[in-house]
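Colleague: So that you have it, the file is model-v4.tsv, and it contains TSV, C-alpha atoms:
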```tsv
chain	number	residue	atom	x	y	z
A	1	MET	CA	0.00	0.00	0.00
A	2	PRO	CA	2.53	2.61	-1.06
A	3	GLY	CA	1.63	6.20	-0.33
A	4	GLN	CA	-0.57	5.36	2.65
A	5	PRO	CA	-0.04	7.51	5.75
A	6	LEU	CA	2.24	5.84	8.25
A	7	MET	CA	1.28	5.21	11.88
A	8	ASN	CA	3.53	5.18	14.92
A	9	LYS	CA	2.78	3.30	18.16
A	10	ASP	CA	0.75	6.13	19.69
A	11	GLN	CA	-1.25	6.59	16.49
A	12	ILE	CA	-1.96	2.87	16.26
A	13	ILE	CA	-3.31	2.87	19.82
A	14	ALA	CA	-5.31	6.07	19.20
A	15	ASN	CA	-6.77	4.64	15.97
A	16	LEU	CA	-7.71	1.37	17.66
A	17	THR	CA	-9.34	3.34	20.47
A	18	GLN	CA	-11.28	5.32	17.86
A	19	LEU	CA	-12.22	2.02	16.20
A	20	GLU	CA	-13.80	0.87	19.46
A	21	LYS	CA	-15.84	4.10	19.59
A	22	GLU	CA	-17.01	3.51	16.02
A	23	LEU	CA	-18.04	-0.03	16.96
A	24	LYS	CA	-20.14	1.39	19.80
A	25	ALA	CA	-21.75	3.93	17.46
A	26	LEU	CA	-22.59	1.06	15.08
A	27	ARG	CA	-24.31	-0.78	17.95
A	28	VAL	CA	-21.90	-3.65	18.33
A	29	THR	CA	-22.74	-5.22	21.69
A	30	GLN	CA	-20.12	-7.95	22.17
A	31	PRO	CA	-16.35	-7.30	22.29
A	32	LEU	CA	-14.50	-8.13	19.07
A	33	ARG	CA	-11.29	-10.11	19.57
A	34	LEU	CA	-8.31	-9.42	17.32
A	35	LEU	CA	-4.83	-10.94	17.23
A	36	LEU	CA	-2.23	-8.29	16.35
A	37	LEU	CA	0.29	-9.31	13.67
A	38	GLY	CA	2.67	-7.82	11.11
A	39	GLY	CA	3.72	-4.18	11.12
A	40	GLY	CA	1.42	-3.26	14.01
A	41	TYR	CA	3.11	-5.91	16.15
A	42	MET	CA	6.59	-4.84	15.09
A	43	VAL	CA	5.95	-1.16	15.85
A	44	THR	CA	4.11	-1.63	19.15
A	45	GLN	CA	6.00	-4.61	20.58
A	46	ILE	CA	9.45	-4.95	19.03
A	47	GLY	CA	10.26	-1.33	18.23
A	48	ASN	CA	12.70	-2.11	15.43
A	49	ARG	CA	10.82	0.38	13.30
A	50	SER	CA	8.82	3.37	14.36
A	51	MET	CA	6.08	3.35	11.71
A	52	THR	CA	3.82	1.06	9.70
A	53	GLU	CA	1.26	1.52	6.95
A	54	CYS	CA	-1.10	-1.18	8.09
A	55	VAL	CA	-2.25	-2.94	11.24
A	56	ASP	CA	-2.56	-6.62	10.34
A	57	VAL	CA	-4.98	-8.57	12.49
A	58	TYR	CA	-6.61	-11.96	12.73
A	59	VAL	CA	-10.30	-11.48	13.50
A	60	ARG	CA	-11.88	-14.10	15.71
A	61	MET	CA	-15.31	-14.18	14.04
A	62	SER	CA	-16.95	-15.32	10.87
A	63	ARG	CA	-16.90	-12.87	8.00
A	64	GLN	CA	-20.56	-13.68	7.39
A	65	THR	CA	-21.79	-12.04	10.59
A	66	GLU	CA	-23.40	-8.65	11.06
A	67	ASP	CA	-20.73	-7.76	13.62
A	68	TYR	CA	-18.03	-8.40	11.02
A	69	ARG	CA	-19.81	-6.08	8.59
A	70	ARG	CA	-19.97	-3.46	11.35
A	71	PHE	CA	-16.27	-4.02	12.10
A	72	ARG	CA	-15.42	-3.25	8.45
A	73	ALA	CA	-17.69	-0.18	8.52
A	74	ALA	CA	-15.97	1.01	11.72
A	75	ILE	CA	-12.55	0.67	10.06
A	76	HIS	CA	-13.78	2.87	7.21
A	77	GLY	CA	-15.23	5.37	9.69
A	78	VAL	CA	-11.86	5.75	11.42
A	79	ALA	CA	-10.09	6.03	8.06
A	80	ASP	CA	-12.41	8.85	7.03
A	81	SER	CA	-12.08	10.70	10.32
A	82	VAL	CA	-8.27	10.61	10.55
A	83	ALA	CA	-7.36	10.58	6.83
A	84	LEU	CA	-6.09	7.01	6.56
A	85	ASN	CA	-6.40	4.51	3.74
A	86	GLN	CA	-9.51	2.33	4.07
A	87	ARG	CA	-7.15	-0.61	4.57
A	88	TRP	CA	-5.33	0.81	7.61
A	89	VAL	CA	-6.49	-2.39	9.34
A	90	SER	CA	-6.13	-5.54	7.28
A	91	ASP	CA	-7.49	-8.96	8.13
A	92	SER	CA	-6.55	-10.50	4.80
A	93	ILE	CA	-4.10	-12.89	6.47
A	94	GLY	CA	-6.95	-14.66	8.26
A	95	ASP	CA	-7.79	-17.23	5.60
A	96	PHE	CA	-4.13	-18.18	5.24
A	97	LEU	CA	-3.67	-18.56	9.00
A	98	GLN	CA	-6.66	-20.88	9.27
A	99	ILE	CA	-5.31	-23.06	6.46
A	100	LEU	CA	-1.81	-23.02	7.98
A	101	GLY	CA	-2.94	-24.41	11.33
A	102	PRO	CA	-4.37	-23.51	14.73
A	103	VAL	CA	-4.21	-19.78	15.46
A	104	PRO	CA	-2.98	-19.08	19.00
A	105	ASP	CA	-5.20	-17.13	21.40
A	106	GLY	CA	-2.46	-14.72	22.45
A	107	LYS	CA	-2.21	-12.62	25.58
A	108	PRO	CA	-4.29	-9.49	26.22
A	109	TRP	CA	-2.61	-6.26	25.17
A	110	LEU	CA	-5.26	-3.58	24.67
A	111	THR	CA	-8.64	-4.16	26.27
A	112	LEU	CA	-11.50	-1.79	25.55
A	113	PRO	CA	-15.21	-2.40	26.17
A	114	LEU	CA	-15.90	-3.51	22.57
A	115	LEU	CA	-12.42	-4.30	21.28
A	116	GLU	CA	-9.90	-6.73	22.71
A	117	ILE	CA	-6.46	-6.90	21.11
A	118	PHE	CA	-4.30	-9.92	21.84
A	119	LEU	CA	-0.62	-10.61	21.13
A	120	PRO	CA	0.82	-13.92	19.99
A	121	GLU	CA	4.20	-15.08	21.25
A	122	ILE	CA	7.17	-13.52	19.48
A	123	SER	CA	8.06	-16.99	18.18
A	124	TYR	CA	4.75	-17.18	16.28
A	125	ILE	CA	5.42	-13.79	14.68
A	126	LEU	CA	8.91	-14.92	13.62
A	127	VAL	CA	7.57	-18.18	12.17
A	128	LEU	CA	4.96	-16.30	10.11
A	129	THR	CA	7.52	-13.75	8.94
A	130	LEU	CA	9.99	-16.45	7.91
A	131	LEU	CA	7.30	-18.41	6.10
A	132	ALA	CA	6.16	-15.29	4.23
A	133	ASN	CA	9.67	-15.22	2.75
A	134	ARG	CA	9.51	-11.57	1.62
A	135	GLU	CA	12.59	-9.46	1.08
A	136	SER	CA	10.76	-6.48	2.59
A	137	ASP	CA	10.63	-8.34	5.94
A	138	LEU	CA	14.41	-8.72	6.35
A	139	GLY	CA	14.67	-5.96	8.96
A	140	ASP	CA	11.85	-7.51	10.97
A	141	ILE	CA	13.41	-10.97	10.67
A	142	LYS	CA	16.75	-9.69	11.97
A	143	ALA	CA	15.07	-7.98	14.93
A	144	LEU	CA	12.97	-11.04	15.75
A	145	CYS	CA	15.94	-13.41	15.42
A	146	THR	CA	17.92	-11.21	17.80
A	147	ARG	CA	15.06	-11.33	20.33
A	148	CYS	CA	14.85	-15.12	19.94
A	149	GLN	CA	18.66	-15.42	20.24
A	150	LEU	CA	19.06	-17.01	16.82
A	151	LYS	CA	22.40	-16.18	15.21
A	152	SER	CA	23.05	-18.41	12.20
A	153	ALA	CA	20.98	-19.47	9.20
A	154	ALA	CA	21.30	-23.10	10.24
A	155	GLN	CA	20.10	-22.25	13.73
A	156	VAL	CA	17.12	-20.33	12.30
A	157	GLU	CA	16.17	-23.20	9.97
A	158	ALA	CA	16.28	-25.83	12.74
A	159	TRP	CA	14.34	-23.51	15.06
A	160	LEU	CA	11.71	-22.84	12.35
A	161	TRP	CA	10.89	-26.52	11.85
A	162	LYS	CA	10.72	-27.11	15.59
A	163	GLN	CA	8.34	-24.16	16.01
A	164	ALA	CA	6.21	-25.33	13.07
A	165	ASP	CA	5.75	-28.61	14.95
A	166	ILE	CA	4.99	-26.84	18.24
A	167	TYR	CA	2.37	-24.62	16.59
A	168	GLN	CA	1.07	-27.57	14.51
A	169	LEU	CA	1.53	-25.65	11.27
A	170	ASP	CA	1.11	-27.25	7.86
A	171	VAL	CA	4.18	-25.80	6.17
A	172	GLN	CA	3.31	-27.63	2.95
A	173	VAL	CA	0.61	-24.99	2.52
A	174	VAL	CA	3.37	-22.38	2.35
A	175	ARG	CA	5.40	-24.40	-0.15
A	176	ASP	CA	2.32	-24.78	-2.35
A	177	GLN	CA	1.74	-20.98	-2.32
A	178	GLN	CA	5.30	-20.12	-3.40
```
Transcribe the structure of this file into structure tokens.
Modeller:
Amino acid sequence: MPGQPLMNKDQIIANLTQLEKELKALRVTQPLRLLLLGGGYMVTQIGNRSMTECVDVYVRMSRQTEDYRRFRAAIHGVADSVALNQRWVSDSIGDFLQILGPVPDGKPWLTLPLLEIFLPEISYILVLTLLANRESDLGDIKALCTRCQLKSAAQVEAWLWKQADIYQLDVQVVRDQQ
């Protein structure tokens, strides 16, 4: 999404807080649960970069529900009010994660009345980033490997397969996509 306004940690939190207010205005009654991933995770948790274009999330609900439709409308409402791209929050990774294997619950990070944001373990983020195999993620991979105390390519590869087993991930899905 080149050209999209960038968000720092404080702006991400402010935008998510505004998202919760939009959900209330749209009459959502039950808290929506999101798992924070990608650039939003890197900016708010790792700090290896100060900005991101998009907050990637896994949404814990069916896309066929009325609350999901309201969630998407709330994202657009925030985008309009603070001059962001309509895709400032992206849940496009959700289908892939479900095919890949069980999605971890995560630990609470930001809890608002109608919006609960959870964080996966850093190891899960590194596994997903390695499996994505994108050159644009090299800075994130280096930062995550440092945090996980992985120093060599051989060490990273052995660690990756062990983690794939721990998380019960079907890595063949990734091979088939590449």
Colleague: Could you state the separation of atom CA of Gln45 of chain A and atom CA of Lys9 of chain A in Å, given to one decimal place?
Modeller: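 Interatomic distance, atom CA of Gln45 of chain A to atom CA of Lys9 of chain A: 8.9 Å.
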Colleague: Between A:Val28, A:Ala153, A:Leu169, A:Cys148, which is the closest to Leu128 of chain A once you count only C-alpha atoms?
Modeller: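 Under the stated criterion, the closest residue is A:Leu169.
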Colleague: Set the distance at 10 Å and use only C-alpha atoms: which residues neighbour Tyr124 of chain A once local chain neighbours fewer than 5 positions away are removed? I'd like the list as a list in words.
Modeller: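 That gives Leu37, Val103, Pro104, Gly106, Leu119, Thr129, Leu130, Leu160, Gln163, Ala164, Ile166 and Tyr167 of chain A.
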Colleague: For C-alpha atoms, I'd like the residues from the last selection saved as an mmCIF file, in the coordinates of the input.
Modeller:
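again-v6.cif, freshly written:
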```cif
data_model
loop_
_atom_site.group_PDB
_atom_site.id
_atom_site.type_symbol
_atom_site.label_atom_id
_atom_site.label_comp_id
_atom_site.auth_asym_id
_atom_site.auth_seq_id
_atom_site.Cartn_x
_atom_site.Cartn_y
_atom_site.Cartn_z
ATOM 1 C CA LEU A 37 0.290 -9.310 13.670
ATOM 2 C CA VAL A 103 -4.210 -19.780 15.460
ATOM 3 C CA PRO A 104 -2.980 -19.080 19.000
ATOM 4 C CA GLY A 106 -2.460 -14.720 22.450
ATOM 5 C CA LEU A 119 -0.620 -10.610 21.130
ATOM 6 C CA THR A 129 7.520 -13.750 8.940
ATOM 7 C CA LEU A 130 9.990 -16.450 7.910
ATOM 8 C CA LEU A 160 11.710 -22.840 12.350
ATOM 9 C CA GLN A 163 8.340 -24.160 16.010
ATOM 10 C CA ALA A 164 6.210 -25.330 13.070
ATOM 11 C CA ILE A 166 4.990 -26.840 18.240
ATOM 12 C CA TYR A 167 2.370 -24.620 16.590
#
```
Colleague: Just want the 7 Å neighbourhood of Pro31 of chain A, counted on only C-alpha atoms, with same-chain residues fewer than 5 positions away dropped. Output as a PyMOL selection string.
Modeller: chain A and resi 113-116
Colleague: Determine, counting only C-alpha atoms, which protein, DNA and RNA residues have an atom within 9 Å of an atom of Val43 of chain A; residues of the same chain fewer than 5 positions away are not included. Present the result as a ChimeraX atom specification.
Modeller: /A:7-9,12,38,48-52
Colleague: My list of candidates is A:Gly101, A:Leu131, A:Leu138, A:Pro120. Which is closest to Tyr41 of chain A when distances are computed with all atoms listed in the file?
Modeller: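 With all atoms listed in the file as the atom set, the closest residue is A:Pro120.
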Colleague: Could you tell me which of A:Ser92, A:Thr111, A:Ser81, A:Thr29 comes closest to Cys54 of chain A if we count all atoms listed in the file?
Modeller: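 Checking each candidate against Cys54 of chain A, we get A:Ser92 as the closest.
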Colleague: Between A:Val156, A:Val55, A:Leu144, A:Ile13, which residue has the minimum interatomic distance to Asp91 of chain A, considering all atoms listed in the file?
Modeller: A:Val55
Colleague: Smallest atom-to-atom distance to Leu126 of chain A: which of A:Ala154, A:Val59, A:Met42, A:Ile99, using all atoms listed in the file?
Modeller: A:Met42
Colleague: Would you mind listing what lies within 10 Å of Cys145 of chain A as a list of chain:residue names, with only C-alpha atoms counted and same-chain residues fewer than 6 positions away left out?
Modeller: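 So, after excluding close chain neighbours, the residues are A:Ile122, A:Ser123, A:Leu126, A:Gly139, A:Lys151, A:Ser152, A:Gln155, A:Val156.
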Colleague: Of the candidates A:Ala83, A:Val127, A:Met61, A:Arg33, which shows the shortest atom-to-atom distance to Ala158 of chain A, using only C-alpha atoms?
Modeller: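 Between A:Ala83, A:Val127, A:Met61, A:Arg33, the residue approaching Ala158 of chain A most closely is A:Val127.
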Colleague: In Å to one decimal, how far is atom CA of Ala74 of chain A from atom CA of Asn15 of chain A?
Modeller: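 Straight-line distance from atom CA of Asn15 of chain A to atom CA of Ala74 of chain A works out to 10.8 Å.
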Colleague: Go ahead and compute the interatomic distance for atom CA of Arg27 of chain A and atom CA of Lys107 of chain A, in Å to one decimal.
Modeller: 26.2 Å
